[in-house]
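Novice: My questions all concern the structure below.
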Amino acid sequence: MITWATFPFVRYTPALIGGIVAYLYLGETWPEMWPVAVGLAVVAIIFITWAIRQRKPAASDAAGIVALVAVVVFGAALTQRATESRRADHLFRFADKIDCYQAVVDEATVVRKATFATTLRVQSVRVSGRWQRSTGGVRVSLPRVAGIAQPRYGEVWLIRGHPDPSKPPLNPGEFDYRQYLAYRQVYHQQYIHPDQYKVLRSDPPNILVALSMNFAEQLDGVFRQYIKAKREYAIASALVLGIKDDVDADTKQAYSSTGTSHIMAVSGLQVGLLYLALTWLLQKLFGRLPGFRLWSALLGLTVIWGYAFITGLSASVLRATVMFTFLIIGRAWGRQSSIFNTLAVAAFFLLLWNPFLVADVGFQLSFLAVLSIVYIQPRIARWLDVKEYFYARQRAWQSKAGNWLWRTIGWFLDKVWQAVALSLAAQVATFGLGLYYFHQFPFSFLFSNLVAVPISSAAVYVGLALLLVKGLVAWPGIWFPSVSAALDWAPQGVAWVFEKMVWLFNEYIFLISRYFSGWVVREIHVSALQTVLIFGLIGTFLAWLNTRQLGWLRGMALLLLCYAGSRVAEARAVAPTEEFIVYSIPRRSAVGFWQGASAEFVTPDSVALNETERTYRLLPGIIRKAARRTHYSVGWRGTTVPVQRLTDADSTAENSFFRSGPVVLAQWRGLRVGFVSGRIPSATQQVPVDVLVLRRNAHVKPETLAAVFGIKAKVVFDSSCKIWYVARQDSSLRAHGFRTWDVTAQGAFRIAPPL
């Protein structure tokens, strides 16, 4: 029986989340919510005051329900108020009327292979020659070329031109980057050329964040100086400082496939390790001193916030630091028994600060993992009493060495079992989210985390020790440079140990990814509803384990039936689907022929799609449709779709297909599709088509297209066409009665074959 009065935020936080989620999904057209929220808050206070005087359970229940409703409405009102796009001076109000604008770099720059990417916060815009104050975020990219410096936090830029609203997903099932940015109050994007902007000055929005980022860069320079191997340096910097700019794609893939990507992000793991080490050390040295609990908590808060500062005050480390702050305060007050309430308090105040955190993957995974570890890990650990089993093997007649060996084995295997229980507990809560966001589940997580987490944990300590030793050595060098140079052997020695540990860690992860590559279940699609049902199944099962009441099993069976029904409904919806798709992939030509769970992809050019293009442009649709059979053809070779290449009226035999020619005709399930990549030869026979795909800036005239393919053809510009070409041809084609579609601007073109 739970005494809910001692866990108030266990009720209030889900209610707040409910209000936030309701607004995110349903509240776009809602009227102003603050008056309603304030009114309900007053009503709730009146009801609570009345219930206290009544001293009756019914009155308390009524007051509690009203209070929860007030919190729900408050969550919706808070989210509405935090939505910048509702402001009267937002960028949306000016559309494309902006001549130029002034904005400040508001976050750390992401360094990519060919570009820099960062977020600007707009300060003012110039419309019709007049400057006006404005707000809004713009996600910008600029080329990483000689002469272009990496953008730095706090730089104020003057940018010519106007940003464009973020584009929705261009291909079926593709990641909704527009929604991702919107949750961060960024609604516009722009690619900025080198001659399009000018740095005016440096004026950081937050001087503390600016100092923190500069400090993190200095510390990253220490790793860059002492860690010679590029791969080990990249992981070392990511592990301790959260800087992942130099982590290569192969390493990211290896960590992802083994379920250890969380180790590369400075978050709860590193903050928790630092706090646990400090607590253990203080307990051993000063545990019996008066006031230990209070002053050790203050010291712990100082250390974890100091660590947050040296890692650049990133969102993930701030989130983890706030969570541990509430845990430390709760422990200092002697309220360890209400850790669930303490976690709820931390989540509640984080959501007050930024309600859009509820949609942040890191926020969701962090709190669910901690809740699962706190509740489930002790229960799993009790399945086996490893220590007691080996301690019972001791005998009075055995030597001291023999008994010591039994105790040591028992102690070691008990620690291993505790780590296994922790890893299993963390996976229980994050299982559903892993399927929903990442579409995969690595069954090798137990092998990878069992070794990787201890090694990486020790590496974090050694990495921090390297920074500390380097600081101690560099300090006297301010006055006596020769002393600093003479003592440089100390950081070099620590760095050598650190590099070897990171190397061992990396080698182990790559070993697991190679030999357990088949242990990863990929391309799983679960909808948001199915994810909720999965959490419901896990929750009802845990409730049954705790209470052994059959009602929970009945609820679990009902949820399982709903989940199975949703899967069957999805399969029935996909099975009869037939669709031709022209994909939107920058500078590429790619089409797909879909029939239920089978798909054939063709690149009309003789160049195959690279792995990145497949992963981000095609794979999401494959996962969403649960495609079981996929086939890729390059340049139409090996395709099962009947095609012929047309040249002129005298050479239309199918044997002429692989001869050069600018026109290809495909006939698929009654749908006639023409592909034109160059000038149409004279006297080309008439071939009426349903869809005409223009490729590679094909030099054609509307009159010729109408004569050869018919006026009813839907003209599609694929991604290999340049912007200027589309702009010129589109108006001309429309003037001649054609319907057009630009996949670069409008997204993938989709059409079903005729019945």
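All residue names refer to the structure tokens as shown: chains lettered A, B, ... in order, residues numbered from 1 in each chain, ligands numbered from 1 in order.
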Could you pull out the helix (DSSP H, G or I) residues of region 222-425 of chain A from DSSP and send them as an MDAnalysis selection string?

Specialist: chainID A and resid 222:226 230:241 249:257 261:264 268:286 292:310 315:332 336:353 355:359 361:381 386:391 400:425

Novice: Any idea what's packed within 6 Å of region 512-523 of chain A, counting only C-alpha atoms, ignoring anything in its chain fewer than 4 positions away? Could you give it as a tab-separated table (two decimals) with N, CA, C and O atoms, in the first residue's frame?

Specialist:
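Saved as around_1.tsv:
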```tsv
chain	number	residue	atom	x	y	z
A	254	ALA	N	29.88	0.93	-34.43
A	254	ALA	CA	30.25	-0.15	-33.51
A	254	ALA	C	29.62	0.05	-32.14
A	254	ALA	O	29.08	-0.90	-31.54
A	258	THR	N	26.36	-2.28	-30.41
A	258	THR	CA	26.59	-3.01	-29.15
A	258	THR	C	25.85	-2.39	-27.97
A	258	THR	O	26.00	-2.84	-26.83
A	439	HIS	N	14.94	1.70	-33.76
A	439	HIS	CA	14.49	0.60	-34.61
A	439	HIS	C	15.39	-0.63	-34.52
A	439	HIS	O	15.51	-1.39	-35.48
A	440	GLN	N	16.03	-0.82	-33.40
A	440	GLN	CA	16.88	-1.99	-33.23
A	440	GLN	C	17.03	-2.32	-31.75
A	440	GLN	O	16.77	-1.49	-30.89
A	441	PHE	N	17.43	-3.56	-31.50
A	441	PHE	CA	17.72	-3.96	-30.13
A	441	PHE	C	18.93	-4.88	-30.13
A	441	PHE	O	18.89	-5.97	-30.70
A	442	PRO	N	20.04	-4.46	-29.49
A	442	PRO	CA	21.25	-5.29	-29.46
A	442	PRO	C	21.20	-6.29	-28.30
A	442	PRO	O	21.33	-5.91	-27.13
A	443	PHE	N	21.06	-7.57	-28.62
A	443	PHE	CA	21.07	-8.59	-27.56
A	443	PHE	C	22.47	-8.80	-26.98
A	443	PHE	O	22.62	-9.49	-25.97
A	444	SER	N	23.47	-8.20	-27.62
A	444	SER	CA	24.83	-8.29	-27.09
A	444	SER	C	25.11	-7.26	-26.01
A	444	SER	O	26.24	-7.15	-25.53
A	623	ILE	N	11.64	0.27	-42.95
A	623	ILE	CA	11.29	-0.15	-41.60
A	623	ILE	C	9.81	0.07	-41.34
A	623	ILE	O	9.12	-0.79	-40.78
```

Novice: List the neighbours of region 141-147 of chain A out to 9 Å using only C-alpha atoms; skip same-chain residues closer than 4 positions along the sequence, and give me the result as a list in words.

Specialist: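 Close residues of region 141-147 of chain A: Val111, Arg112, Lys113, Ala114, Thr115, Phe116, Ala117, Thr118, Thr119, Gln189, Gln190, Tyr191, Ile192, His193 and Pro194 of chain A.
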
Novice: Please build the interface table for region 54-77 of chain A against region 341-364 of chain A with a cut-off of 12 Å, listing for each qualifying residue the nearest atom pair and the distance in Å to one decimal; count only C-alpha atoms, order rows by chain and increasing number, and write it as CSV.

Specialist:
```
residue,atom,partner,partner_atom,distance
A:Val71,CA,A:Phe348,CA,10.9
A:Phe74,CA,A:Leu352,CA,10.0
A:Gly75,CA,A:Pro355,CA,7.8
A:Ala76,CA,A:Pro355,CA,9.1
A:Ala77,CA,A:Pro355,CA,10.2
```

Novice: Compare A:Pro620, A:Pro163, A:Pro172, A:Gly154 by their minimum atom-to-atom distance to Asn214 (chain A), counting only C-alpha atoms, and give me the closest one.

Specialist: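 Using only C-alpha atoms, Asn214 (chain A) sits closest to A:Gly154.
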
Novice: For region 448-458 of chain A, please output as a list in words all residues within 7 Å (counting only C-alpha atoms; exclusion window: fewer than 3 positions along the same chain).

Specialist: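 Near region 448-458 of chain A, the qualifying residues are Thr258, Thr260, Leu273, Ala419, Val420, Ser444, Phe445, Tyr461, Val462, Phe505, Ile509 and Ile512 of chain A.
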
Novice: Which residues come within 8 Å of region 385-401 of chain A, counting only C-alpha atoms, excluding same-chain residues fewer than 6 positions away, as JSON, numbers by chain?

Specialist: {"A": [407, 409, 410, 411, 413, 414, 417]}

Novice: Skip region 36-44 of chain A itself and residues of its chain fewer than 4 positions away, then list as a PDB file with N, CA and C atoms, in the first residue's frame all residues within 9 Å of it, counting only C-alpha atoms.

Specialist:
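Full text of part-v9.pdb as output:
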```pdb
ATOM      1  N   GLU A  32      -5.698  31.161 -25.481  1.00  0.00           N
ATOM      2  CA  GLU A  32      -4.768  31.443 -24.386  1.00  0.00           C
ATOM      3  C   GLU A  32      -5.150  30.637 -23.149  1.00  0.00           C
ATOM      4  N   ILE A  48      -8.695  22.299  -1.653  1.00  0.00           N
ATOM      5  CA  ILE A  48      -7.762  21.691  -0.693  1.00  0.00           C
ATOM      6  C   ILE A  48      -8.008  22.242   0.709  1.00  0.00           C
ATOM      7  N   THR A  49      -8.216  23.553   0.812  1.00  0.00           N
ATOM      8  CA  THR A  49      -8.523  24.162   2.114  1.00  0.00           C
ATOM      9  C   THR A  49      -9.804  23.582   2.697  1.00  0.00           C
ATOM     10  N   ALA A  63     -10.540  16.963  -3.778  1.00  0.00           N
ATOM     11  CA  ALA A  63      -9.541  18.031  -3.844  1.00  0.00           C
ATOM     12  C   ALA A  63      -8.316  17.587  -4.631  1.00  0.00           C
ATOM     13  N   GLY A  64      -7.909  16.315  -4.433  1.00  0.00           N
ATOM     14  CA  GLY A  64      -6.754  15.799  -5.164  1.00  0.00           C
ATOM     15  C   GLY A  64      -6.988  15.758  -6.664  1.00  0.00           C
ATOM     16  N   ILE A  65      -8.196  15.346  -7.064  1.00  0.00           N
ATOM     17  CA  ILE A  65      -8.518  15.288  -8.493  1.00  0.00           C
ATOM     18  C   ILE A  65      -8.501  16.687  -9.110  1.00  0.00           C
ATOM     19  N   VAL A  66      -9.089  17.651  -8.407  1.00  0.00           N
ATOM     20  CA  VAL A  66      -9.088  19.028  -8.917  1.00  0.00           C
ATOM     21  C   VAL A  66      -7.661  19.556  -9.036  1.00  0.00           C
ATOM     22  N   ALA A  67      -6.813  19.241  -8.035  1.00  0.00           N
ATOM     23  CA  ALA A  67      -5.415  19.692  -8.073  1.00  0.00           C
ATOM     24  C   ALA A  67      -4.673  19.082  -9.258  1.00  0.00           C
ATOM     25  N   LEU A  68      -4.922  17.788  -9.531  1.00  0.00           N
ATOM     26  CA  LEU A  68      -4.258  17.147 -10.664  1.00  0.00           C
ATOM     27  C   LEU A  68      -4.719  17.755 -11.993  1.00  0.00           C
ATOM     28  N   VAL A  69      -6.007  18.040 -12.101  1.00  0.00           N
ATOM     29  CA  VAL A  69      -6.515  18.685 -13.319  1.00  0.00           C
ATOM     30  C   VAL A  69      -5.860  20.058 -13.489  1.00  0.00           C
ATOM     31  N   ALA A  70      -5.699  20.780 -12.381  1.00  0.00           N
ATOM     32  CA  ALA A  70      -5.055  22.095 -12.444  1.00  0.00           C
ATOM     33  C   ALA A  70      -3.609  21.972 -12.925  1.00  0.00           C
ATOM     34  N   VAL A  71      -2.917  20.921 -12.464  1.00  0.00           N
ATOM     35  CA  VAL A  71      -1.528  20.716 -12.894  1.00  0.00           C
ATOM     36  C   VAL A  71      -1.479  20.375 -14.378  1.00  0.00           C
ATOM     37  N   VAL A  72      -2.426  19.556 -14.853  1.00  0.00           N
ATOM     38  CA  VAL A  72      -2.482  19.213 -16.273  1.00  0.00           C
ATOM     39  C   VAL A  72      -2.657  20.477 -17.118  1.00  0.00           C
ATOM     40  N   VAL A  73      -3.601  21.315 -16.743  1.00  0.00           N
ATOM     41  CA  VAL A  73      -3.852  22.554 -17.497  1.00  0.00           C
ATOM     42  C   VAL A  73      -2.644  23.483 -17.389  1.00  0.00           C
ATOM     43  N   PHE A  74      -2.015  23.508 -16.213  1.00  0.00           N
ATOM     44  CA  PHE A  74      -0.816  24.334 -16.048  1.00  0.00           C
ATOM     45  C   PHE A  74       0.295  23.870 -16.987  1.00  0.00           C
ATOM     46  N   GLY A  75       0.449  22.541 -17.151  1.00  0.00           N
ATOM     47  CA  GLY A  75       1.460  22.018 -18.072  1.00  0.00           C
ATOM     48  C   GLY A  75       1.199  22.466 -19.501  1.00  0.00           C
ATOM     49  N   ALA A  76      -0.077  22.426 -19.913  1.00  0.00           N
ATOM     50  CA  ALA A  76      -0.423  22.878 -21.265  1.00  0.00           C
ATOM     51  C   ALA A  76      -0.162  24.376 -21.425  1.00  0.00           C
ATOM     52  N   ALA A  77      -0.549  25.173 -20.403  1.00  0.00           N
ATOM     53  CA  ALA A  77      -0.343  26.622 -20.468  1.00  0.00           C
ATOM     54  C   ALA A  77       1.143  26.967 -20.483  1.00  0.00           C
TER      55      ALA A  77
END
```

Novice: Excluding Asn697 (chain A) and its own-chain neighbours fewer than 4 positions away, which residues fall within 9 Å of it when counting only C-alpha atoms? Please give them as a short mmCIF file (atom, residue, chain, number, x, y, z; two decimals) with N, CA, C and O atoms, in the first residue's frame.

Specialist:
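Result saved to out-v9.cif:
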```cif
data_model
loop_
_atom_site.label_atom_id
_atom_site.label_comp_id
_atom_site.auth_asym_id
_atom_site.auth_seq_id
_atom_site.Cartn_x
_atom_site.Cartn_y
_atom_site.Cartn_z
N SER A 677 16.54 12.21 -69.67
CA SER A 677 17.76 12.78 -69.12
C SER A 677 18.51 13.65 -70.12
O SER A 677 19.60 14.14 -69.81
N GLY A 678 17.97 13.83 -71.32
CA GLY A 678 18.65 14.66 -72.33
C GLY A 678 17.69 15.08 -73.41
O GLY A 678 16.47 14.92 -73.31
N PHE A 717 10.29 16.60 -61.43
CA PHE A 717 11.71 16.96 -61.44
C PHE A 717 12.39 16.19 -60.31
O PHE A 717 12.07 16.38 -59.14
N SER A 720 18.26 15.27 -59.17
CA SER A 720 19.45 15.58 -59.96
C SER A 720 19.30 16.88 -60.74
O SER A 720 20.25 17.36 -61.36
N CYS A 721 18.09 17.45 -60.74
CA CYS A 721 17.85 18.73 -61.44
C CYS A 721 18.24 19.91 -60.54
O CYS A 721 17.93 19.91 -59.35
N LYS A 722 18.87 20.91 -61.11
CA LYS A 722 19.28 22.10 -60.37
C LYS A 722 18.08 23.00 -60.09
O LYS A 722 17.06 22.95 -60.79
N TYR A 725 17.13 25.27 -62.98
CA TYR A 725 16.49 24.54 -64.07
C TYR A 725 15.01 24.31 -63.76
O TYR A 725 14.14 24.51 -64.61
N VAL A 726 14.73 23.90 -62.53
CA VAL A 726 13.34 23.65 -62.14
C VAL A 726 12.53 24.94 -62.22
O VAL A 726 11.39 24.95 -62.72
#
```

Novice: Going by DSSP on the backbone, which bits of region 397-552 of chain A are strand (DSSP E or B)? Write them as a PyMOL selection string, please.

Specialist: chain A and resi 441-442+520-521

Novice: Can you spit out the residues from that selection as a PDB file, in the first residue's frame, using C-alpha atoms?

Specialist:
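What ended up in result_8.pdb:
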```
ATOM      1  CA  PHE A 441      17.715  -3.959 -30.126  1.00  0.00           C
ATOM      2  CA  PRO A 442      21.247  -5.294 -29.462  1.00  0.00           C
ATOM      3  CA  VAL A 520      21.333  -7.163 -33.253  1.00  0.00           C
ATOM      4  CA  VAL A 521      17.694  -7.219 -34.308  1.00  0.00           C
TER       5      VAL A 521
END
```

Novice: Could you tell me which of A:Gly434, A:Pro35, A:Gly592, A:Gly272 comes closest to Ile304 (chain A) if we count only C-alpha atoms?

Specialist: A:Gly272

Novice: For CA of Phe438 (chain A) and CA of Asn506 (chain A), quote the distance in Å rounded to one decimal.

Specialist: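 Pair CA of Phe438 (chain A) / CA of Asn506 (chain A) returns 22.0 Å.
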
Novice: I'd like to know which of A:Trp503, A:Phe431, A:Tyr307, A:Tyr101 is closest to Ile235 (chain A), using only C-alpha atoms.

Specialist: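 Residue with the minimum atom-to-atom distance to Ile235 (chain A): A:Trp503.
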
Novice: Between A:Cys100, A:Val591, A:Leu533, A:Ile310, which is the closest to Trp131 (chain A) once you count only C-alpha atoms?

Specialist: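 Of A:Cys100, A:Val591, A:Leu533, A:Ile310, the one nearest Trp131 (chain A), counting only C-alpha atoms, is A:Cys100.
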
Novice: Report, in Å to a single decimal, how far apart CA of Tyr183 (chain A) and CA of Thr744 (chain A) are.

Specialist: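 Calculated distance between CA of Thr744 (chain A) and CA of Tyr183 (chain A) is 24.2 Å.
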
Novice: What does the structure give for the distance between CA of Asp195 (chain A) and CA of Leu120 (chain A), in Å to one decimal?

Specialist: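 Distance between the two atoms: 17.4 Å.
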
Novice: Give the answer as one residue: which of A:Ile329, A:Leu158, A:Ala571, A:Leu609 has the shortest atom-to-atom distance to Gly596 (chain A), using only C-alpha atoms?

Specialist: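 Using only C-alpha atoms, the shortest distance to Gly596 (chain A) belongs to A:Ala571.
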
Novice: Compare A:Arg11, A:Lys198, A:Arg86, A:Lys712 by their minimum atom-to-atom distance to Pro31 (chain A), counting only C-alpha atoms, and give me the closest one.

Specialist: A:Arg86
